[in-house]
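Q: I have a structure I would like to understand better, so I am pasting it below and will then ask my questions one at a time.
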Amino acid sequence: MLLNLSDIVSKNPNSSFVTYDESRNVSFELKFIDKKELNRLNQQFTKMQFNPKTQQREEQLDVDALRKEICRLGVIGWKGITLRWLIDQVPIDPAAIEGKDLDEEIDFSQDNLNFLCDKLYGIDNWIFDSVRNAENFKAVEAQKAQVKN
């Protein structure tokens, strides 16, 4: 069978909810980021800088800026992020949440996402791994194909 692989790859992959914390039903709506886009982002956030120790110009990756851009492009939303869940993740000022519903979902925003990535160990790595993993998005494509049939 003669098949051109570029013809069968989804041009606009759909987003998919991927579970982050199964015990609390926390999931993130992610968008697939392909290798070509990740390479472009790496180049965009890599700058040449002078290293005084070696007296040479060296490539320096701005990891924080790259992380924020991957989160901006790859994370569309979330489900299950509540004050109750957050209390288990980072120290919270009790006076700041006094009288608030601990089980009400916190609205998604890029600022809130950046806060989580800055404060929670490993969540940014999980996002980076998840937006590159086609396995997280194939169920959505399979469902679309079944609907057509």
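The chains in the structure tokens are called A, B, ... from first to last as shown; in each chain the residues are counted from 1, and the ligands are counted from 1 in the order shown.
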Could you name the residues that touch region 129-140 of chain A at 12 Å or less, counting only C-alpha atoms, but leaving out those on the same chain fewer than 5 positions away, as a VMD selection string?

A: chain A and resid 9 to 10 12 to 20 27 to 39 67 70 to 76 122 to 124 145 to 147

Q: Go ahead and write the residues just picked, N, CA, C and O atoms, as a short mmCIF file (atom, residue, chain, number, x, y, z; two decimals), in the first residue's frame.

A:
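Saved as result-v3.cif:
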data_model
loop_
_atom_site.label_atom_id
_atom_site.label_comp_id
_atom_site.auth_asym_id
_atom_site.auth_seq_id
_atom_site.Cartn_x
_atom_site.Cartn_y
_atom_site.Cartn_z
N VAL A 9 -1.88 12.54 8.78
CA VAL A 9 -1.70 13.15 10.09
C VAL A 9 -2.66 14.32 10.23
O VAL A 9 -2.82 15.12 9.32
N SER A 10 -3.30 14.39 11.39
CA SER A 10 -4.25 15.46 11.65
C SER A 10 -3.55 16.81 11.58
O SER A 10 -2.53 17.03 12.22
N ASN A 12 -4.99 19.75 12.42
CA ASN A 12 -5.41 20.53 13.58
C ASN A 12 -5.90 19.58 14.67
O ASN A 12 -7.10 19.36 14.81
N PRO A 13 -4.97 19.01 15.45
CA PRO A 13 -5.39 18.07 16.47
C PRO A 13 -6.32 18.74 17.49
O PRO A 13 -6.13 19.90 17.83
N ASN A 14 -7.33 18.01 17.89
CA ASN A 14 -8.26 18.51 18.89
C ASN A 14 -7.62 18.51 20.26
O ASN A 14 -6.63 17.83 20.50
N SER A 15 -8.24 19.25 21.15
CA SER A 15 -7.79 19.22 22.54
C SER A 15 -8.38 17.99 23.23
O SER A 15 -9.34 17.39 22.74
N SER A 16 -7.80 17.66 24.35
CA SER A 16 -8.24 16.50 25.11
C SER A 16 -8.01 16.75 26.58
O SER A 16 -7.00 17.35 26.96
N PHE A 17 -8.94 16.30 27.43
CA PHE A 17 -8.72 16.38 28.86
C PHE A 17 -7.82 15.22 29.28
O PHE A 17 -8.10 14.07 28.96
N VAL A 18 -6.74 15.54 29.99
CA VAL A 18 -5.78 14.55 30.45
C VAL A 18 -5.74 14.64 31.97
O VAL A 18 -5.57 15.72 32.53
N THR A 19 -5.88 13.50 32.63
CA THR A 19 -5.95 13.46 34.09
C THR A 19 -4.58 13.72 34.70
O THR A 19 -3.60 13.08 34.35
N TYR A 20 -4.56 14.66 35.63
CA TYR A 20 -3.34 14.97 36.39
C TYR A 20 -3.39 14.31 37.76
O TYR A 20 -2.42 13.71 38.20
N SER A 27 -8.04 17.46 35.99
CA SER A 27 -7.54 17.22 34.64
C SER A 27 -7.33 18.55 33.94
O SER A 27 -7.90 19.57 34.31
N PHE A 28 -6.48 18.50 32.94
CA PHE A 28 -6.16 19.68 32.16
C PHE A 28 -6.58 19.44 30.72
O PHE A 28 -6.35 18.35 30.18
N GLU A 29 -7.16 20.45 30.10
CA GLU A 29 -7.48 20.36 28.68
C GLU A 29 -6.24 20.80 27.92
O GLU A 29 -5.81 21.95 28.02
N LEU A 30 -5.66 19.85 27.20
CA LEU A 30 -4.39 20.08 26.52
C LEU A 30 -4.56 20.01 25.01
O LEU A 30 -5.45 19.35 24.50
N LYS A 31 -3.66 20.68 24.35
CA LYS A 31 -3.58 20.66 22.89
C LYS A 31 -2.23 20.07 22.52
O LYS A 31 -1.20 20.44 23.09
N PHE A 32 -2.23 19.16 21.56
CA PHE A 32 -1.00 18.50 21.12
C PHE A 32 -0.05 19.53 20.50
O PHE A 32 -0.46 20.38 19.72
N ILE A 33 1.23 19.44 20.88
CA ILE A 33 2.27 20.28 20.28
C ILE A 33 3.27 19.34 19.61
O ILE A 33 3.89 18.52 20.27
N ASP A 34 3.40 19.47 18.30
CA ASP A 34 4.26 18.54 17.57
C ASP A 34 5.74 18.93 17.66
O ASP A 34 6.10 20.01 18.15
N LYS A 35 6.58 18.04 17.19
CA LYS A 35 8.03 18.21 17.28
C LYS A 35 8.50 19.47 16.56
O LYS A 35 9.37 20.19 17.05
N LYS A 36 7.93 19.74 15.41
CA LYS A 36 8.34 20.91 14.64
C LYS A 36 8.09 22.19 15.43
O LYS A 36 8.93 23.08 15.49
N GLU A 37 6.93 22.28 16.08
CA GLU A 37 6.59 23.46 16.87
C GLU A 37 7.50 23.55 18.10
O GLU A 37 7.95 24.64 18.47
N LEU A 38 7.78 22.43 18.75
CA LEU A 38 8.68 22.46 19.91
C LEU A 38 10.09 22.89 19.52
O LEU A 38 10.73 23.65 20.25
N ASN A 39 10.56 22.44 18.38
CA ASN A 39 11.87 22.88 17.90
C ASN A 39 11.88 24.39 17.62
O ASN A 39 12.85 25.08 17.95
N ARG A 67 8.85 27.49 29.18
CA ARG A 67 7.80 26.81 29.96
C ARG A 67 6.49 27.58 29.86
O ARG A 67 5.44 27.00 29.61
N ILE A 70 4.98 27.15 26.34
CA ILE A 70 4.41 25.82 26.15
C ILE A 70 3.08 25.71 26.89
O ILE A 70 2.10 25.18 26.36
N CYS A 71 3.02 26.26 28.09
CA CYS A 71 1.76 26.25 28.84
C CYS A 71 0.71 27.11 28.13
O CYS A 71 -0.46 26.73 28.05
N ARG A 72 1.11 28.25 27.59
CA ARG A 72 0.17 29.12 26.89
C ARG A 72 -0.41 28.43 25.66
O ARG A 72 -1.61 28.47 25.40
N LEU A 73 0.45 27.76 24.91
CA LEU A 73 0.01 27.10 23.68
C LEU A 73 -0.69 25.77 23.94
O LEU A 73 -1.61 25.41 23.21
N GLY A 74 -0.24 25.05 24.95
CA GLY A 74 -0.70 23.68 25.14
C GLY A 74 -1.82 23.48 26.14
O GLY A 74 -2.50 22.46 26.09
N VAL A 75 -2.04 24.43 27.05
CA VAL A 75 -3.08 24.25 28.06
C VAL A 75 -4.23 25.20 27.75
O VAL A 75 -4.06 26.41 27.69
N ILE A 76 -5.41 24.62 27.56
CA ILE A 76 -6.59 25.38 27.19
C ILE A 76 -7.50 25.63 28.40
O ILE A 76 -8.19 26.63 28.46
N GLY A 122 6.89 19.74 39.57
CA GLY A 122 6.63 18.72 38.58
C GLY A 122 5.47 18.96 37.64
O GLY A 122 5.36 18.29 36.62
N ILE A 123 4.58 19.91 37.93
CA ILE A 123 3.41 20.08 37.06
C ILE A 123 3.82 20.60 35.69
O ILE A 123 3.27 20.19 34.67
N ASP A 124 4.82 21.47 35.63
CA ASP A 124 5.26 21.98 34.33
C ASP A 124 5.89 20.86 33.50
O ASP A 124 5.68 20.78 32.29
N ALA A 145 -13.85 9.72 14.37
CA ALA A 145 -13.97 8.79 13.26
C ALA A 145 -15.21 7.90 13.41
O ALA A 145 -15.91 7.63 12.43
N GLN A 146 -15.51 7.48 14.64
CA GLN A 146 -16.69 6.65 14.88
C GLN A 146 -17.98 7.42 14.63
O GLN A 146 -18.94 6.88 14.11
N VAL A 147 -17.99 8.69 14.96
CA VAL A 147 -19.18 9.52 14.75
C VAL A 147 -19.47 9.64 13.26
O VAL A 147 -20.62 9.60 12.84
#

Q: Could you go through chain A and tell me which residues DSSP, when run on the backbone, assigns to alpha helix (DSSP H), listing them as number ranges by chain?

A: A: 5-8, 35-44, 63-74, 83-87, 94-97, 110-119, 123-132, 135-148

Q: Using 7 Å as the limit and counting only C-alpha atoms, can you tabulate each residue of region 61-92 of chain A that touches region 103-110 of chain A, with its shortest atom-to-atom distance in Å and the two atoms involved, as a Markdown table?

A:
| residue | atom | partner | partner_atom | distance |
| --- | --- | --- | --- | --- |
| A:Arg72 | CA | A:Gln110 | CA | 6.8 |
| A:Gly77 | CA | A:Phe108 | CA | 5.7 |
| A:Trp78 | CA | A:Phe108 | CA | 6.3 |
| A:Gly80 | CA | A:Glu105 | CA | 6.0 |
| A:Ile81 | CA | A:Glu105 | CA | 5.5 |
| A:Thr82 | CA | A:Glu105 | CA | 4.6 |
| A:Leu83 | CA | A:Asp103 | CA | 6.4 |
| A:Arg84 | CA | A:Asp103 | CA | 6.0 |

Q: Residues as selected, all heavy atoms, written as a PDB file, in the first residue's frame, can you do that?

A:
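The resulting file, selection28.pdb, is shown below:
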ATOM      1  N   ARG A  72       1.109  28.247  27.589  1.00  0.00           N
ATOM      2  CA  ARG A  72       0.169  29.122  26.889  1.00  0.00           C
ATOM      3  C   ARG A  72      -0.406  28.429  25.656  1.00  0.00           C
ATOM      4  O   ARG A  72      -1.611  28.474  25.396  1.00  0.00           O
ATOM      5  CB  ARG A  72       0.848  30.429  26.482  1.00  0.00           C
ATOM      6  CG  ARG A  72      -0.124  31.462  25.888  1.00  0.00           C
ATOM      7  CD  ARG A  72       0.600  32.694  25.375  1.00  0.00           C
ATOM      8  NE  ARG A  72       1.349  32.451  24.156  1.00  0.00           N
ATOM      9  CZ  ARG A  72       0.813  32.291  22.954  1.00  0.00           C
ATOM     10  NH1 ARG A  72      -0.487  32.326  22.799  1.00  0.00           N
ATOM     11  NH2 ARG A  72       1.567  32.076  21.891  1.00  0.00           N
ATOM     12  N   GLY A  77      -7.484  24.709  29.343  1.00  0.00           N
ATOM     13  CA  GLY A  77      -8.352  24.837  30.506  1.00  0.00           C
ATOM     14  C   GLY A  77      -8.080  23.732  31.500  1.00  0.00           C
ATOM     15  O   GLY A  77      -7.130  22.964  31.358  1.00  0.00           O
ATOM     16  N   TRP A  78      -8.935  23.669  32.526  1.00  0.00           N
ATOM     17  CA  TRP A  78      -8.813  22.602  33.521  1.00  0.00           C
ATOM     18  C   TRP A  78     -10.158  22.294  34.128  1.00  0.00           C
ATOM     19  O   TRP A  78     -11.119  23.040  33.985  1.00  0.00           O
ATOM     20  CB  TRP A  78      -7.790  22.927  34.581  1.00  0.00           C
ATOM     21  CG  TRP A  78      -8.044  24.153  35.439  1.00  0.00           C
ATOM     22  CD1 TRP A  78      -9.243  24.580  35.950  1.00  0.00           C
ATOM     23  CD2 TRP A  78      -7.075  25.086  35.893  1.00  0.00           C
ATOM     24  NE1 TRP A  78      -9.063  25.709  36.680  1.00  0.00           N
ATOM     25  CE2 TRP A  78      -7.746  26.055  36.670  1.00  0.00           C
ATOM     26  CE3 TRP A  78      -5.706  25.207  35.724  1.00  0.00           C
ATOM     27  CZ2 TRP A  78      -7.092  27.117  37.280  1.00  0.00           C
ATOM     28  CZ3 TRP A  78      -5.061  26.271  36.330  1.00  0.00           C
ATOM     29  CH2 TRP A  78      -5.741  27.199  37.097  1.00  0.00           C
ATOM     30  N   GLY A  80     -11.581  20.567  37.985  1.00  0.00           N
ATOM     31  CA  GLY A  80     -11.277  20.002  39.294  1.00  0.00           C
ATOM     32  C   GLY A  80     -10.302  20.778  40.149  1.00  0.00           C
ATOM     33  O   GLY A  80     -10.001  20.355  41.265  1.00  0.00           O
ATOM     34  N   ILE A  81      -9.793  21.898  39.679  1.00  0.00           N
ATOM     35  CA  ILE A  81      -8.894  22.704  40.502  1.00  0.00           C
ATOM     36  C   ILE A  81      -9.769  23.503  41.471  1.00  0.00           C
ATOM     37  O   ILE A  81     -10.493  24.411  41.066  1.00  0.00           O
ATOM     38  CB  ILE A  81      -8.017  23.660  39.670  1.00  0.00           C
ATOM     39  CG1 ILE A  81      -7.216  22.911  38.612  1.00  0.00           C
ATOM     40  CG2 ILE A  81      -7.119  24.508  40.573  1.00  0.00           C
ATOM     41  CD1 ILE A  81      -5.987  22.226  39.075  1.00  0.00           C
ATOM     42  N   THR A  82      -9.725  23.131  42.731  1.00  0.00           N
ATOM     43  CA  THR A  82     -10.509  23.781  43.777  1.00  0.00           C
ATOM     44  C   THR A  82      -9.575  24.221  44.897  1.00  0.00           C
ATOM     45  O   THR A  82      -8.410  23.807  44.948  1.00  0.00           O
ATOM     46  CB  THR A  82     -11.555  22.816  44.360  1.00  0.00           C
ATOM     47  OG1 THR A  82     -10.856  21.720  44.981  1.00  0.00           O
ATOM     48  CG2 THR A  82     -12.516  22.293  43.296  1.00  0.00           C
ATOM     49  N   LEU A  83     -10.103  25.030  45.808  1.00  0.00           N
ATOM     50  CA  LEU A  83      -9.307  25.422  46.973  1.00  0.00           C
ATOM     51  C   LEU A  83      -8.940  24.205  47.804  1.00  0.00           C
ATOM     52  O   LEU A  83      -7.828  24.109  48.327  1.00  0.00           O
ATOM     53  CB  LEU A  83     -10.066  26.449  47.822  1.00  0.00           C
ATOM     54  CG  LEU A  83     -10.189  27.843  47.219  1.00  0.00           C
ATOM     55  CD1 LEU A  83     -11.107  28.707  48.073  1.00  0.00           C
ATOM     56  CD2 LEU A  83      -8.823  28.491  47.081  1.00  0.00           C
ATOM     57  N   ARG A  84      -9.868  23.249  47.926  1.00  0.00           N
ATOM     58  CA  ARG A  84      -9.585  22.034  48.704  1.00  0.00           C
ATOM     59  C   ARG A  84      -8.389  21.285  48.110  1.00  0.00           C
ATOM     60  O   ARG A  84      -7.518  20.809  48.817  1.00  0.00           O
ATOM     61  CB  ARG A  84     -10.814  21.139  48.765  1.00  0.00           C
ATOM     62  CG  ARG A  84     -10.641  19.960  49.713  1.00  0.00           C
ATOM     63  CD  ARG A  84     -11.909  19.150  49.897  1.00  0.00           C
ATOM     64  NE  ARG A  84     -13.108  19.913  50.203  1.00  0.00           N
ATOM     65  CZ  ARG A  84     -13.425  20.395  51.408  1.00  0.00           C
ATOM     66  NH1 ARG A  84     -12.608  20.206  52.418  1.00  0.00           N
ATOM     67  NH2 ARG A  84     -14.544  21.059  51.590  1.00  0.00           N
TER      68      ARG A  84
END

Q: Using Å and a single decimal, report how far CA of Lys47 (chain A) sits from CA of Gln60 (chain A).

A: 5.3 Å

Q: So what do you get for CA of Leu61 (chain A) versus CA of Gln43 (chain A), distance-wise?

A: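 CA of Gln43 (chain A) lies 8.5 Å from CA of Leu61 (chain A).
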